Structure formats: structure tokens, C-alpha cells
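Shown next, in C-alpha cells, is the structure this report addresses.
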Amino acid sequence: MIWISLVVFLLLAAGVILLFGLTPEDITNDVIRMLSPKKTLREKVLLAQGRKKSRRLTQEILHIRDALNATGKANSFSWVCAASVIMMVAGCIVSVMIGNLFLIPVAAVVFAAIPFAAAAKSIADYDKQVREELETALSIITTSYIRTDDIVNAVRENLAYLKPPITDVFTAFVSDALYVSSDTKRALRNMKEKIDNEIFREWCEALIGCQDDRVLKDTLLPIVGKLTDVRIVNNELATMLGEVRNEYWTMVMMVIGNIPLMYMLNRDWFHSLIFTIPGKVTLALVGAVVVVTSVLMMRYTKPVEYKR
């Protein structure tokens with residue numbers, strides 16, 4: 001009965017969207033506006049100076065948007081936002097249908113996060129591929145540049161050895177430097193913003209400095225070596241962090257699994273948990289704890305990133 005009601009709700013939601021002519025882009029703009037409200041001039045200055053940081057949630061969602069744009073899936077972000085809004089309302093409806101109003105905030109957050117979690121998983125795979133290919137690309141290009149003293153030719157002669165998604169970035173750099181403008185430093189600045197990686201940005205800045213002082217070439221190889229150091233650290237931590245994640249999700253499944261287990265072992269306890277006020281509050285608190293600890297677990301078991 002609950003699933004039938006949920007399907008009916010989703011059909012009604014689709015009808016309302018079609019009736020009012022709402023598009024995924026409209027919903028996306030509204031979501032971004034709520035997460036990143038209009039800032040005053042003072043707030044913009046503080047953000048630019050690094051004296052104030054954007055909210056963590058805003059940073060994560062904007063990172064998903066930028067990563068989807070970089071992978072040529074800009075339209076997917078609009079659909080993710082639209083699906084998130086619909087799922088959030090669906091979570092509220094499910095809580096109402098099972099008669100637990102205290103569970104509404106938890107269900108809304110969990111359901112709304114599902115589309116973004118799916119998008120974040122694909123983006124994590126993309127980021128991993130970028131890091132792996134970036135190490136090889138910077139190494140061979142740096143070696144060629146030290147030999148030739150010409151960064152454009154160093155990139156050109158190694159394009160055949162580069163793999164996606166790095167290939168497009170360096171191909172665009174060569175085209176920019178050869179056919180758009182002869183200002184190599186300007187082309188390097190443009191390339192620096194195309195990959196969200198601090199070591200890559202540092203490498204580009206060092207190259208910009210090398211255009212005025214060739215002696216600075218000696219700083220390039222140590223910068224590239226940082227990518228290897230980060231990869232080694234992440235490989236060493238991968239097994240340990242994987243065990244932590246597995247243990248955490250096992251505990252979560254045990255906590256959730258206790259609810260149907262209680263139904264089989266003691267119907268009175270199950271009735272008290274599901275249908276009484278103290279039981280409903282307990283379920284809502286357990287759900288909130290699971291949500292908060294899940295966010296913290298994912299945050300502190302992410303791959304190590306280099307910060308200057």
C-alpha cells in the first residue's frame with residue numbers, strides 16, 4: 001500500500017511539473033540559490049581573501065556541478081537536482097504514511113542525498129582517473145621541457161602518449177599557444193584552471209615563472225614528485241580506510257536490521273518502537289545519528305589531497 005501511494009505521489013508530482021512548465025534547469029537554479037544565497041560585497045571580499053569559507057554542503061554540491069561540466073555532462077546536474085527535490089518530498093510522504101512525523105527531517109535528507117551520492121560516485125571515479133593520468137603526463141612533459149626549453153613543443157611531442165581526460169587539456173593548451181596567441185604565459189594560466197588539482201596548479205605556476213627565468217626549471221621535478229608521494233600515501237591508506245568503512249556500514253546494517261528482527265522475536269517491543277511516541281522519537285534519533293555519522297565517515301575517509 002505504501003509503494004502504491006508513493007507511485008501515485010510521483011505521478012502527481014510529474015503532473016504538477018508539466019502543468020507549471022517547470023524544467024530541471026529551473027529547479028537547479030532554485031536549489032543553487034537556496035544553497036548559495038546572494039552575498040554582500042563584504043562577504044565576497046572575505047571569500048576572495050580566504051578569510052571566510054563557503055559552507056561545506058555548498059562546496060560539495062558546486063564541486064559536483066563543476067565536475068559534471070568538466071566531463072561533458074552539464075545537463076546531468078539539472079536532472080540530479082530535480083530528482084533530489086522529488087526524492088526529498090517522497091521521503092516526507094513515506095514518513096507521513098508510516099505515521100512517524102519525527103522521522104520527516106531524517107527521511108527528507110536521506111532521500112534527497114541519494115541522487116547526489118550516485119553522481120558523486122561517478123565523479124570520484126573520474127577524479128581518480130585524472131590523478132593517475134596526471135602523474136604520467138606531468139612527468140614525461142617535464143622531462144621533455146627540461147631537454148628542449150620549450151613547453152609548447154614539449155607538450156606537442158608527448159600528446160600521443162597522453163590518455164583521456166588529460167589529453168583534451170593539453171591539446172587545448174597547444175592550440176591556444178600556437179593558433180590563438182603567442183603569449184605562452186597566458187595559455188598556461190588558462191590551462192591551470194582546467195584541472196582541479198593543487199599540484200597541477202603549482203606546476204603551471206612554476207612553468208609561468210620559468211618563462212622569465214630558466215633556472216626555475218629545477219623546481220619542476222620536485223613538484224611532479226609530490227603526485228607520486230600523494231599516490232603512495234593513498235595506496236597505503238586505502239586498505240585501512242576500506243576496513244573502517246566496511247565496519248561502519250556493517251554496524252549500520254545491524255542497527256537497521258534490528259527492527260525487522262524485533263518484529264520476529266517480540267511483537268510487543270516492535271509495536272512500542274513503531275507505534276508509540278517514545279519509540280517514534282527513538283527511531284528519529286537513531287536515523288539522525290546514522291545520517292550525521294555517515295557524513296563524518298565519508299568526509300574523513302576520503303583520499304588524501306595535497307594542500308599548499
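In the C-alpha cells, chains take letters A, B, ... by order of appearance, with residues numbered from 1 within each chain and ligands from 1 in the order shown.
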Problem set entry | For Thr142 in chain A: contacts at 8 Å, only C-alpha atoms, fewer than 2 positions along chain excluded, given as a list of chain:residue names | A:Leu138, A:Ser139, A:Ile140, A:Ser144, A:Tyr145, A:Ile146, A:Ala154, A:Leu220, A:Leu221
Can you write just those residues out, N, CA and C atoms, as a PDB file, in the first residue's frame?
```pdb
ATOM      1  N   LEU A 138      52.525  14.791 -16.417  1.00  0.00           N
ATOM      2  CA  LEU A 138      53.445  15.828 -15.939  1.00  0.00           C
ATOM      3  C   LEU A 138      54.890  15.331 -15.940  1.00  0.00           C
ATOM      4  N   SER A 139      55.075  14.056 -15.662  1.00  0.00           N
ATOM      5  CA  SER A 139      56.435  13.512 -15.623  1.00  0.00           C
ATOM      6  C   SER A 139      57.097  13.558 -17.000  1.00  0.00           C
ATOM      7  N   ILE A 140      56.411  13.053 -18.028  1.00  0.00           N
ATOM      8  CA  ILE A 140      57.038  12.998 -19.358  1.00  0.00           C
ATOM      9  C   ILE A 140      57.140  14.389 -19.974  1.00  0.00           C
ATOM     10  N   SER A 144      60.687  16.356 -21.040  1.00  0.00           N
ATOM     11  CA  SER A 144      60.883  16.934 -22.372  1.00  0.00           C
ATOM     12  C   SER A 144      61.174  18.424 -22.291  1.00  0.00           C
ATOM     13  N   TYR A 145      60.492  19.127 -21.383  1.00  0.00           N
ATOM     14  CA  TYR A 145      60.695  20.579 -21.266  1.00  0.00           C
ATOM     15  C   TYR A 145      62.098  20.902 -20.774  1.00  0.00           C
ATOM     16  N   ILE A 146      62.596  20.127 -19.819  1.00  0.00           N
ATOM     17  CA  ILE A 146      63.957  20.355 -19.327  1.00  0.00           C
ATOM     18  C   ILE A 146      64.969  20.157 -20.453  1.00  0.00           C
ATOM     19  N   ALA A 154      57.322  20.632 -25.985  1.00  0.00           N
ATOM     20  CA  ALA A 154      57.386  19.511 -25.047  1.00  0.00           C
ATOM     21  C   ALA A 154      56.024  18.836 -24.918  1.00  0.00           C
ATOM     22  N   LEU A 220      60.605  21.976 -11.086  1.00  0.00           N
ATOM     23  CA  LEU A 220      59.502  21.232 -11.695  1.00  0.00           C
ATOM     24  C   LEU A 220      59.455  19.771 -11.258  1.00  0.00           C
ATOM     25  N   LEU A 221      60.609  19.097 -11.295  1.00  0.00           N
ATOM     26  CA  LEU A 221      60.612  17.670 -10.931  1.00  0.00           C
ATOM     27  C   LEU A 221      60.186  17.425  -9.482  1.00  0.00           C
TER      28      LEU A 221
END
```
Problem set entry | Surrounding residues of range 222-228 of chain A excluding itself and chain neighbours under 4 positions, 12 Å, only C-alpha atoms, as JSON, numbers by chain | {"A": [130, 131, 132, 133, 134, 135, 136, 137, 138, 139, 140, 141, 142, 143, 197, 198, 199, 200, 201, 202, 203, 204, 205, 206, 207, 216, 217, 218, 232, 233, 234, 235, 304, 305, 306, 307, 308]}
Writer output for current selection, C-alpha atoms, as a PDB file, in the first residue's frame:
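Resulting contents of selection31.pdb:
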```pdb
ATOM      1  CA  VAL A 130      42.597  12.239 -13.559  1.00  0.00           C
ATOM      2  CA  ARG A 131      45.106  11.819 -10.710  1.00  0.00           C
ATOM      3  CA  GLU A 132      46.530   8.646 -12.229  1.00  0.00           C
ATOM      4  CA  GLU A 133      46.944  10.080 -15.726  1.00  0.00           C
ATOM      5  CA  LEU A 134      48.178  13.450 -14.437  1.00  0.00           C
ATOM      6  CA  GLU A 135      51.208  11.892 -12.762  1.00  0.00           C
ATOM      7  CA  THR A 136      52.364  10.273 -16.008  1.00  0.00           C
ATOM      8  CA  ALA A 137      51.583  13.338 -18.121  1.00  0.00           C
ATOM      9  CA  LEU A 138      53.445  15.828 -15.939  1.00  0.00           C
ATOM     10  CA  SER A 139      56.435  13.512 -15.623  1.00  0.00           C
ATOM     11  CA  ILE A 140      57.038  12.998 -19.358  1.00  0.00           C
ATOM     12  CA  ILE A 141      56.216  16.613 -20.266  1.00  0.00           C
ATOM     13  CA  THR A 142      58.564  17.961 -17.582  1.00  0.00           C
ATOM     14  CA  THR A 143      61.382  15.721 -18.798  1.00  0.00           C
ATOM     15  CA  ASN A 197      44.345  19.752  -8.572  1.00  0.00           C
ATOM     16  CA  GLU A 198      46.633  21.826  -6.347  1.00  0.00           C
ATOM     17  CA  ILE A 199      49.825  20.132  -7.534  1.00  0.00           C
ATOM     18  CA  PHE A 200      48.874  20.731 -11.180  1.00  0.00           C
ATOM     19  CA  ARG A 201      48.226  24.408 -10.429  1.00  0.00           C
ATOM     20  CA  GLU A 202      51.581  24.677  -8.661  1.00  0.00           C
ATOM     21  CA  TRP A 203      53.271  23.049 -11.669  1.00  0.00           C
ATOM     22  CA  CYS A 204      51.636  25.536 -14.041  1.00  0.00           C
ATOM     23  CA  GLU A 205      52.685  28.464 -11.846  1.00  0.00           C
ATOM     24  CA  ALA A 206      56.265  27.182 -11.841  1.00  0.00           C
ATOM     25  CA  LEU A 207      56.153  26.937 -15.640  1.00  0.00           C
ATOM     26  CA  LEU A 216      63.435  27.702 -12.123  1.00  0.00           C
ATOM     27  CA  LYS A 217      63.242  24.500 -14.199  1.00  0.00           C
ATOM     28  CA  ASP A 218      64.906  22.725 -11.294  1.00  0.00           C
ATOM     29  CA  ILE A 232      51.770   6.247  -2.325  1.00  0.00           C
ATOM     30  CA  VAL A 233      50.099   7.628   0.803  1.00  0.00           C
ATOM     31  CA  ASN A 234      46.626   6.988  -0.639  1.00  0.00           C
ATOM     32  CA  ASN A 235      47.552   3.416  -1.584  1.00  0.00           C
ATOM     33  CA  VAL A 304      44.372  12.470   0.809  1.00  0.00           C
ATOM     34  CA  GLU A 305      44.643  15.724  -1.127  1.00  0.00           C
ATOM     35  CA  TYR A 306      47.688  17.955  -1.325  1.00  0.00           C
ATOM     36  CA  LYS A 307      47.214  21.412   0.190  1.00  0.00           C
ATOM     37  CA  ARG A 308      49.667  24.253  -0.076  1.00  0.00           C
TER      38      ARG A 308
END
```
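CA of Ala288 in chain A lies 27.6 Å from CA of Ser78 in chain A.
CA of Val289 in chain A sits 12.0 Å away from CA of Leu103 in chain A.
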Exercise. Using only C-alpha atoms, which of A:Tyr248, A:Trp269, A:Phe116, A:Phe275 sits nearest Thr293 in chain A?
Worked result: A:Tyr248
Problem set entry | Neighbour list for range 163-180 of chain A as a ChimeraX atom specification, cut-off 12 Å, only C-alpha atoms, skip fewer than 4 positions in-chain | /A:67,70-72,125-138,141,150-159,184-196,200,204
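Using only C-alpha atoms, the smallest distance between any of A:Val290, A:Val80, A:Met97, A:Cys210 and Met253 in chain A comes from A:Val290.
CA of Thr239 in chain A lies 28.7 Å from CA of Asn258 in chain A.
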Problem set entry | Of the listed residues A:Ile98, A:Met297, A:Ile208, A:Ala90, that which approaches Val252 in chain A most closely, counting only C-alpha atoms | A:Met297
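Each of A:Ile259, A:Met88, A:Ala160, A:Ala120 was compared to His271 in chain A using only C-alpha atoms, and A:Ile259 turns out to be the nearest.
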